[in-house]
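Colleague: Coordinates in start-v4.cif, mmCIF, C-alpha atoms, are listed below.
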```cif
data_target
loop_
_atom_site.group_PDB
_atom_site.id
_atom_site.type_symbol
_atom_site.label_atom_id
_atom_site.label_comp_id
_atom_site.auth_asym_id
_atom_site.auth_seq_id
_atom_site.Cartn_x
_atom_site.Cartn_y
_atom_site.Cartn_z
ATOM 1 C CA MET A 1 -8.681 -5.024 -13.743
ATOM 2 C CA ALA A 2 -11.900 -4.474 -11.865
ATOM 3 C CA LEU A 3 -10.363 -3.766 -8.466
ATOM 4 C CA LEU A 4 -6.981 -2.209 -9.160
ATOM 5 C CA LEU A 5 -7.937 0.019 -12.089
ATOM 6 C CA GLU A 6 -11.206 1.429 -10.789
ATOM 7 C CA HIS A 7 -9.546 4.773 -10.152
ATOM 8 C CA GLU A 8 -6.026 5.225 -11.498
ATOM 9 C CA PHE A 9 -3.241 7.233 -9.924
ATOM 10 C CA ARG A 10 -2.211 10.413 -11.686
ATOM 11 C CA VAL A 11 1.156 10.687 -13.369
ATOM 12 C CA VAL A 12 3.727 12.122 -10.939
ATOM 13 C CA PRO A 13 4.644 15.666 -12.052
ATOM 14 C CA ALA A 14 8.192 16.909 -12.543
ATOM 15 C CA ASP A 15 8.274 18.489 -9.074
ATOM 16 C CA ARG A 16 7.131 15.137 -7.577
ATOM 17 C CA GLU A 17 4.436 16.832 -5.494
ATOM 18 C CA ILE A 18 1.466 14.508 -4.973
ATOM 19 C CA GLU A 19 -1.919 16.237 -4.956
ATOM 20 C CA THR A 20 -3.888 15.089 -1.937
ATOM 21 C CA GLY A 21 -7.400 14.889 -3.385
ATOM 22 C CA PRO A 22 -6.607 12.751 -6.446
ATOM 23 C CA PHE A 23 -4.285 10.565 -4.360
ATOM 24 C CA LEU A 24 -7.029 9.842 -1.826
ATOM 25 C CA ASP A 25 -9.521 9.124 -4.608
ATOM 26 C CA ALA A 26 -7.094 6.617 -6.109
ATOM 27 C CA VAL A 27 -6.304 4.774 -2.862
ATOM 28 C CA ALA A 28 -9.867 4.749 -1.541
ATOM 29 C CA HIS A 29 -10.768 1.612 -3.523
ATOM 30 C CA LEU A 30 -7.674 -0.397 -2.496
ATOM 31 C CA PRO A 31 -8.511 -1.665 1.040
ATOM 32 C CA PRO A 32 -10.674 -4.497 -0.422
ATOM 33 C CA PHE A 33 -7.477 -5.880 -1.966
ATOM 34 C CA PHE A 34 -6.848 -7.568 1.375
ATOM 35 C CA ASP A 35 -10.147 -9.453 1.074
ATOM 36 C CA CYS A 36 -8.583 -11.178 -1.926
ATOM 37 C CA LEU A 37 -5.885 -12.676 0.327
ATOM 38 C CA GLY A 38 -8.263 -14.598 2.568
ATOM 39 C CA THR A 39 -7.162 -15.241 6.174
ATOM 40 C CA PRO A 40 -9.495 -12.613 7.725
ATOM 41 C CA ILE A 41 -7.860 -12.856 11.176
ATOM 42 C CA VAL A 42 -4.649 -11.465 9.641
ATOM 43 C CA TYR A 43 -5.672 -9.270 6.757
ATOM 44 C CA SER A 44 -8.941 -7.767 8.018
ATOM 45 C CA PRO A 45 -7.025 -5.607 10.535
ATOM 46 C CA VAL A 46 -4.648 -4.522 7.745
ATOM 47 C CA LYS A 47 -7.627 -3.613 5.574
ATOM 48 C CA ALA A 48 -9.241 -1.687 8.434
ATOM 49 C CA ASP A 49 -5.963 0.098 9.184
ATOM 50 C CA LEU A 50 -5.589 1.124 5.549
ATOM 51 C CA ALA A 51 -9.157 2.430 5.381
ATOM 52 C CA GLY A 52 -8.806 4.211 8.720
ATOM 53 C CA ASN A 53 -5.644 5.992 7.663
ATOM 54 C CA ILE A 54 -7.242 7.122 4.415
ATOM 55 C CA LYS A 55 -10.155 8.514 6.445
ATOM 56 C CA LYS A 56 -7.802 10.434 8.776
ATOM 57 C CA ILE A 57 -5.902 12.004 5.904
ATOM 58 C CA ARG A 58 -9.125 12.913 4.095
ATOM 59 C CA ALA A 59 -10.505 14.609 7.209
ATOM 60 C CA VAL A 60 -7.450 16.862 7.363
ATOM 61 C CA TYR A 61 -7.558 17.550 3.625
ATOM 62 C CA GLU A 62 -11.265 18.403 3.603
ATOM 63 C CA SER A 63 -10.822 20.820 6.509
ATOM 64 C CA ASN A 64 -8.952 23.119 4.110
ATOM 65 C CA PRO A 65 -8.426 21.739 0.564
ATOM 66 C CA ASN A 66 -6.500 24.800 -0.597
ATOM 67 C CA LYS A 67 -4.087 24.726 2.339
ATOM 68 C CA PHE A 68 -3.564 20.969 2.041
ATOM 69 C CA LYS A 69 -3.478 20.690 -1.748
ATOM 70 C CA THR A 70 -0.437 18.395 -1.676
ATOM 71 C CA LEU A 71 0.710 15.727 0.755
ATOM 72 C CA ARG A 72 3.795 17.804 1.480
ATOM 73 C CA ASN A 73 1.546 20.709 2.507
ATOM 74 C CA ILE A 74 0.013 18.449 5.170
ATOM 75 C CA LEU A 75 3.363 17.299 6.540
ATOM 76 C CA GLU A 76 4.765 20.825 6.666
ATOM 77 C CA ALA A 77 1.673 22.227 8.397
ATOM 78 C CA GLU A 78 1.558 19.403 10.934
ATOM 79 C CA LYS A 79 5.269 19.713 11.669
ATOM 80 C CA GLU A 80 4.613 23.259 12.794
ATOM 81 C CA MET A 81 1.345 22.372 14.526
ATOM 82 C CA TYR A 82 2.508 19.354 16.559
ATOM 83 C CA GLY A 83 6.063 20.419 17.352
ATOM 84 C CA ALA A 84 7.929 17.745 19.319
ATOM 85 C CA ASP A 85 5.084 15.236 18.826
ATOM 86 C CA TRP A 86 5.564 15.279 15.050
ATOM 87 C CA PRO A 87 5.795 13.072 13.019
ATOM 88 C CA LYS A 88 4.055 10.604 15.337
ATOM 89 C CA ALA A 89 0.782 12.492 15.085
ATOM 90 C CA GLY A 90 -2.089 13.428 12.813
ATOM 91 C CA ALA A 91 -2.274 12.757 9.107
ATOM 92 C CA THR A 92 1.523 12.507 8.983
ATOM 93 C CA LEU A 93 1.402 9.298 11.016
ATOM 94 C CA ALA A 94 -1.630 8.056 9.072
ATOM 95 C CA LEU A 95 0.168 8.528 5.755
ATOM 96 C CA MET A 96 3.280 6.848 7.160
ATOM 97 C CA TRP A 97 1.341 3.635 7.795
ATOM 98 C CA LEU A 98 -0.786 3.994 4.664
ATOM 99 C CA LYS A 99 2.277 4.053 2.424
ATOM 100 C CA ARG A 100 3.527 0.862 4.116
ATOM 101 C CA GLY A 101 0.269 -0.942 3.402
ATOM 102 C CA LEU A 102 0.366 0.278 -0.188
ATOM 103 C CA LYS A 103 3.993 -0.823 -0.439
ATOM 104 C CA PHE A 104 2.944 -4.335 0.602
ATOM 105 C CA ILE A 105 0.397 -4.417 -2.221
ATOM 106 C CA GLN A 106 2.903 -3.018 -4.701
ATOM 107 C CA VAL A 107 5.736 -5.435 -3.876
ATOM 108 C CA LEU A 108 3.408 -8.449 -3.803
ATOM 109 C CA LEU A 109 1.966 -7.643 -7.224
ATOM 110 C CA GLN A 110 5.362 -6.692 -8.656
ATOM 111 C CA SER A 111 6.759 -10.029 -7.529
ATOM 112 C CA ILE A 112 3.881 -11.884 -9.177
ATOM 113 C CA SER A 113 4.237 -9.764 -12.318
ATOM 114 C CA ASP A 114 7.965 -10.530 -12.456
ATOM 115 C CA GLY A 115 7.219 -14.257 -12.383
ATOM 116 C CA GLU A 116 8.885 -14.941 -9.024
ATOM 117 C CA ARG A 117 7.600 -18.251 -7.699
ATOM 118 C CA ASP A 118 8.317 -21.520 -5.963
ATOM 119 C CA ASP A 119 8.969 -23.830 -8.917
ATOM 120 C CA SER A 120 7.745 -26.816 -6.924
ATOM 121 C CA ASN A 121 4.434 -25.004 -6.249
ATOM 122 C CA PRO A 122 4.085 -22.480 -9.091
ATOM 123 C CA ASN A 123 0.471 -21.580 -8.285
ATOM 124 C CA HIS A 124 1.311 -20.566 -4.703
ATOM 125 C CA ILE A 125 1.944 -16.900 -3.836
ATOM 126 C CA ARG A 126 3.846 -17.561 -0.602
ATOM 127 C CA VAL A 127 7.162 -16.441 -2.088
ATOM 128 C CA ASN A 128 5.566 -13.205 -3.282
ATOM 129 C CA ALA A 129 3.761 -12.472 -0.017
ATOM 130 C CA LEU A 130 6.838 -13.170 2.097
ATOM 131 C CA LYS A 131 8.898 -10.801 -0.042
ATOM 132 C CA ALA A 132 6.232 -8.096 0.281
ATOM 133 C CA TYR A 133 6.039 -8.527 4.041
ATOM 134 C CA GLU A 134 9.830 -8.480 4.461
ATOM 135 C CA ILE A 135 10.197 -5.257 2.476
ATOM 136 C CA ALA A 136 7.093 -3.322 3.504
ATOM 137 C CA LEU A 137 6.051 -4.283 7.018
ATOM 138 C CA LYS A 138 8.183 -6.757 8.945
ATOM 139 C CA LYS A 139 10.660 -4.337 10.527
ATOM 140 C CA TYR A 140 7.761 -2.260 11.879
ATOM 141 C CA HIS A 141 6.076 -5.224 13.569
ATOM 142 C CA GLY A 142 6.852 -6.736 16.935
ATOM 143 C CA TRP A 143 7.581 -10.420 17.451
ATOM 144 C CA MET A 144 3.954 -11.459 17.870
ATOM 145 C CA LEU A 145 2.733 -9.765 14.698
ATOM 146 C CA GLN A 146 5.649 -11.215 12.770
ATOM 147 C CA LYS A 147 4.685 -14.721 13.889
ATOM 148 C CA VAL A 148 1.053 -14.164 12.913
ATOM 149 C CA PHE A 149 1.999 -12.976 9.434
ATOM 150 C CA SER A 150 4.516 -15.775 8.940
ATOM 151 C CA GLY A 151 1.840 -18.317 9.760
ATOM 152 C CA SER A 152 -0.699 -16.664 7.487
ATOM 153 C CA ILE A 153 1.198 -17.467 4.303
ATOM 154 C CA TYR A 154 0.006 -21.072 4.488
ATOM 155 C CA ALA A 155 -3.605 -19.915 4.153
ATOM 156 C CA LEU A 156 -3.055 -17.628 1.181
ATOM 157 C CA PRO A 157 -5.082 -18.296 -1.969
ATOM 158 C CA TYR A 158 -3.582 -19.765 -5.117
ATOM 159 C CA LYS A 159 -2.362 -17.234 -7.670
ATOM 160 C CA SER A 160 -5.179 -18.231 -10.030
ATOM 161 C CA ASP A 161 -7.747 -17.553 -7.285
ATOM 162 C CA LEU A 162 -6.129 -14.203 -6.404
ATOM 163 C CA LEU A 163 -6.253 -13.070 -10.024
ATOM 164 C CA LYS A 164 -9.912 -14.106 -10.242
ATOM 165 C CA ALA A 165 -10.685 -12.208 -7.021
ATOM 166 C CA LEU A 166 -8.990 -9.106 -8.412
ATOM 167 C CA GLU A 167 -11.354 -9.365 -11.381
ATOM 168 C CA LYS A 168 -14.234 -9.552 -8.899
ATOM 169 C CA GLY A 169 -15.026 -13.175 -9.600
ATOM 170 C CA LYS A 170 -14.897 -13.082 -13.393
ATOM 171 C CA GLU A 171 -13.082 -15.783 -15.293
ATOM 172 C CA VAL A 172 -9.633 -14.487 -16.175
ATOM 173 C CA ASN A 173 -7.072 -14.791 -18.881
ATOM 174 C CA GLU A 174 -3.853 -14.816 -16.853
ATOM 175 C CA GLU A 175 -1.820 -12.973 -19.463
ATOM 176 C CA GLN A 176 -4.393 -10.207 -19.756
ATOM 177 C CA THR A 177 -4.777 -9.888 -15.997
ATOM 178 C CA LEU A 178 -1.005 -9.716 -15.485
ATOM 179 C CA GLU A 179 -0.889 -6.940 -18.092
ATOM 180 C CA LYS A 180 -3.475 -5.028 -16.051
ATOM 181 C CA ILE A 181 -1.341 -5.538 -12.940
ATOM 182 C CA HIS A 182 1.626 -4.167 -14.872
ATOM 183 C CA GLN A 183 -0.455 -1.134 -15.819
ATOM 184 C CA PHE A 184 -1.446 -0.574 -12.182
ATOM 185 C CA LEU A 185 2.159 -0.890 -11.023
ATOM 186 C CA GLY A 186 3.273 1.638 -13.613
ATOM 187 C CA LYS A 187 1.013 4.203 -11.968
ATOM 188 C CA ILE A 188 1.349 3.447 -8.252
ATOM 189 C CA THR A 189 5.114 2.837 -8.105
ATOM 190 C CA PRO A 190 6.228 6.408 -8.957
ATOM 191 C CA VAL A 191 3.657 7.778 -6.494
ATOM 192 C CA LEU A 192 4.928 5.599 -3.658
ATOM 193 C CA ASP A 193 8.538 6.393 -4.526
ATOM 194 C CA ALA A 194 7.765 10.119 -4.295
ATOM 195 C CA ILE A 195 6.028 9.720 -0.915
ATOM 196 C CA TYR A 196 8.855 7.614 0.530
ATOM 197 C CA ASP A 197 11.418 10.156 -0.698
ATOM 198 C CA MET A 198 9.411 12.965 0.885
ATOM 199 C CA TYR A 199 9.387 11.208 4.263
ATOM 200 C CA THR A 200 13.123 10.624 4.069
ATOM 201 C CA LYS A 201 13.974 14.202 3.126
ATOM 202 C CA MET A 202 11.697 15.647 5.813
ATOM 203 C CA ASN A 203 13.027 13.249 8.499
ATOM 204 C CA ALA A 204 9.463 12.099 9.007
ATOM 205 C CA GLU A 205 10.062 8.336 8.946
ATOM 206 C CA LEU A 206 9.746 6.438 12.227
ATOM 207 C CA ASN A 207 10.950 2.888 12.911
ATOM 208 C CA TYR A 208 9.032 2.054 16.071
ATOM 209 C CA LYS A 209 7.338 -1.345 16.162
ATOM 210 C CA ALA A 210 3.571 -1.768 16.252
#
```
Would you encode the structure as structure tokens?

Modeller:
Amino acid sequence: MALLLEHEFRVVPADREIETGPFLDAVAHLPPFFDCLGTPIVYSPVKADLAGNIKKIRAVYESNPNKFKTLRNILEAEKEMYGADWPKAGATLALMWLKRGLKFIQVLLQSISDGERDDSNPNHIRVNALKAYEIALKKYHGWMLQKVFSGSIYALPYKSDLLKALEKGKEVNEEQTLEKIHQFLGKITPVLDAIYDMYTKMNAELNYKA
């Protein structure tokens, strides 16, 4: 798939430590995913937030690639650096929101891949997008943002148009494109699981509302 498989995620090692450089290279091409969803007033800010968080994490990583070889290295260093302000600071906060945006993409595509749909409107992706929003973002959004996102589902593209957009406008064979989505999910899901587990174990997760 032209968009999702441009730069694949590495296989998660046995110790579940995610190397920062390859992770950033893999996620750097994903912000344009939100262009495929239309509704710029809703998803353009999400795209910009994703790109901005990637930039913040990369700036920290490039300041000392050896010191910040893994994502855990960053969190541990910033915990010491920021003290009481951690984890609501620095690349730790950026990665916290980045993983949520990536989780939205993952759950949406997993739902489509699993064949979840509204049988009365099988080409709609509202069911999939609502599930992704509920799991990945809703509890971190205030009332106003929740209303905006809820309204946005009525302007989402058809599944056929989304798949075509993911192929960068090329005509698609749905079965082949869904197989590519499955391949992408097989790589990103273990990475996200490892990052979420790391945040839980380090007590770095925050539940404040944006």

Colleague: Residues at most 8 Å from Leu95 in chain A, counting all atoms listed in the file, excluding those fewer than 4 positions away in the same chain, as an mmCIF file with C-alpha atoms, in the frame of the given file?

Modeller:
```cif
data_model
loop_
_atom_site.group_PDB
_atom_site.id
_atom_site.type_symbol
_atom_site.label_atom_id
_atom_site.label_comp_id
_atom_site.auth_asym_id
_atom_site.auth_seq_id
_atom_site.Cartn_x
_atom_site.Cartn_y
_atom_site.Cartn_z
ATOM 1 C CA ASN A 53 -5.644 5.992 7.663
ATOM 2 C CA ILE A 54 -7.242 7.122 4.415
ATOM 3 C CA ILE A 57 -5.902 12.004 5.904
ATOM 4 C CA ALA A 91 -2.274 12.757 9.107
ATOM 5 C CA LYS A 99 2.277 4.053 2.424
#
```

Colleague: Please report the interatomic distance between CA of Ala136 in chain A and CA of Leu192 in chain A in Å with one decimal.

Modeller: 11.6 Å

Colleague: Smallest atom-to-atom distance to Leu4 in chain A: which of A:Tyr61, A:Phe184, A:Phe68, A:Phe23, using only C-alpha atoms?

Modeller: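 Closest candidate: A:Phe184.
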
Colleague: Counting only C-alpha atoms, which residues of range 62-114 of chain A fall within 12 Å of range 138-142 of chain A, and what is the closest atom pair for each with its distance in Å at one decimal, ordered by chain and rising number, as JSON lines?

Modeller:
```
{"residue": "A:Met96", "atom": "CA", "partner": "A:Tyr140", "partner_atom": "CA", "distance": 11.2}
{"residue": "A:Trp97", "atom": "CA", "partner": "A:Tyr140", "partner_atom": "CA", "distance": 9.6}
{"residue": "A:Arg100", "atom": "CA", "partner": "A:Tyr140", "partner_atom": "CA", "distance": 9.4}
{"residue": "A:Gly101", "atom": "CA", "partner": "A:Lys138", "partner_atom": "CA", "distance": 11.3}
{"residue": "A:Lys103", "atom": "CA", "partner": "A:Lys138", "partner_atom": "CA", "distance": 11.9}
{"residue": "A:Phe104", "atom": "CA", "partner": "A:Lys138", "partner_atom": "CA", "distance": 10.1}
```

Colleague: Listing only residues of range 10-36 of chain A within 9 Å of range 163-174 of chain A, what is the closest atom pair and its distance in Å (to one decimal) for each, using all atoms listed in the file, sorted by chain and residue number ascending, as CSV?

Modeller:
```
residue,atom,partner,partner_atom,distance
A:Phe33,CA,A:Leu166,CA,7.4
A:Asp35,CA,A:Ala165,CA,8.6
A:Cys36,CA,A:Ala165,CA,5.6
```

Colleague: What does the PyMOL selection byres ((chain A and resi 38) around 12) select in this file, as an mmCIF file with C-alpha atoms, keeping the file's coordinate frame?

Modeller:
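Output contents, as saved in expr_20.cif:
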```
data_model
loop_
_atom_site.group_PDB
_atom_site.id
_atom_site.type_symbol
_atom_site.label_atom_id
_atom_site.label_comp_id
_atom_site.auth_asym_id
_atom_site.auth_seq_id
_atom_site.Cartn_x
_atom_site.Cartn_y
_atom_site.Cartn_z
ATOM 1 C CA PRO A 32 -10.674 -4.497 -0.422
ATOM 2 C CA PHE A 33 -7.477 -5.880 -1.966
ATOM 3 C CA PHE A 34 -6.848 -7.568 1.375
ATOM 4 C CA ASP A 35 -10.147 -9.453 1.074
ATOM 5 C CA CYS A 36 -8.583 -11.178 -1.926
ATOM 6 C CA LEU A 37 -5.885 -12.676 0.327
ATOM 7 C CA THR A 39 -7.162 -15.241 6.174
ATOM 8 C CA PRO A 40 -9.495 -12.613 7.725
ATOM 9 C CA ILE A 41 -7.860 -12.856 11.176
ATOM 10 C CA VAL A 42 -4.649 -11.465 9.641
ATOM 11 C CA TYR A 43 -5.672 -9.270 6.757
ATOM 12 C CA SER A 44 -8.941 -7.767 8.018
ATOM 13 C CA VAL A 46 -4.648 -4.522 7.745
ATOM 14 C CA LYS A 47 -7.627 -3.613 5.574
ATOM 15 C CA SER A 152 -0.699 -16.664 7.487
ATOM 16 C CA ILE A 153 1.198 -17.467 4.303
ATOM 17 C CA TYR A 154 0.006 -21.072 4.488
ATOM 18 C CA ALA A 155 -3.605 -19.915 4.153
ATOM 19 C CA LEU A 156 -3.055 -17.628 1.181
ATOM 20 C CA PRO A 157 -5.082 -18.296 -1.969
ATOM 21 C CA TYR A 158 -3.582 -19.765 -5.117
ATOM 22 C CA ASP A 161 -7.747 -17.553 -7.285
ATOM 23 C CA LEU A 162 -6.129 -14.203 -6.404
ATOM 24 C CA ALA A 165 -10.685 -12.208 -7.021
#
```

Colleague: Hey, what comes out of the PyMOL selection byres ((chain A and resi 199-210) around 9) on this file? Could you write it as JSON, numbers by chain?

Modeller: {"A": [75, 76, 86, 87, 88, 92, 93, 96, 139, 140, 141, 142, 145, 194, 195, 196, 197, 198]}

Colleague: Leaving out Glu175 in chain A and any residue of its chain fewer than 6 positions from it, which residues lie within 12 Å of it when counting all atoms listed in the file, given as a list of chain:residue names?

Modeller: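 My reading of the contact set: A:Met1, A:Ile112, A:Ser113, A:Gly115, A:Ser160, A:Leu163, A:Ile181, A:His182.
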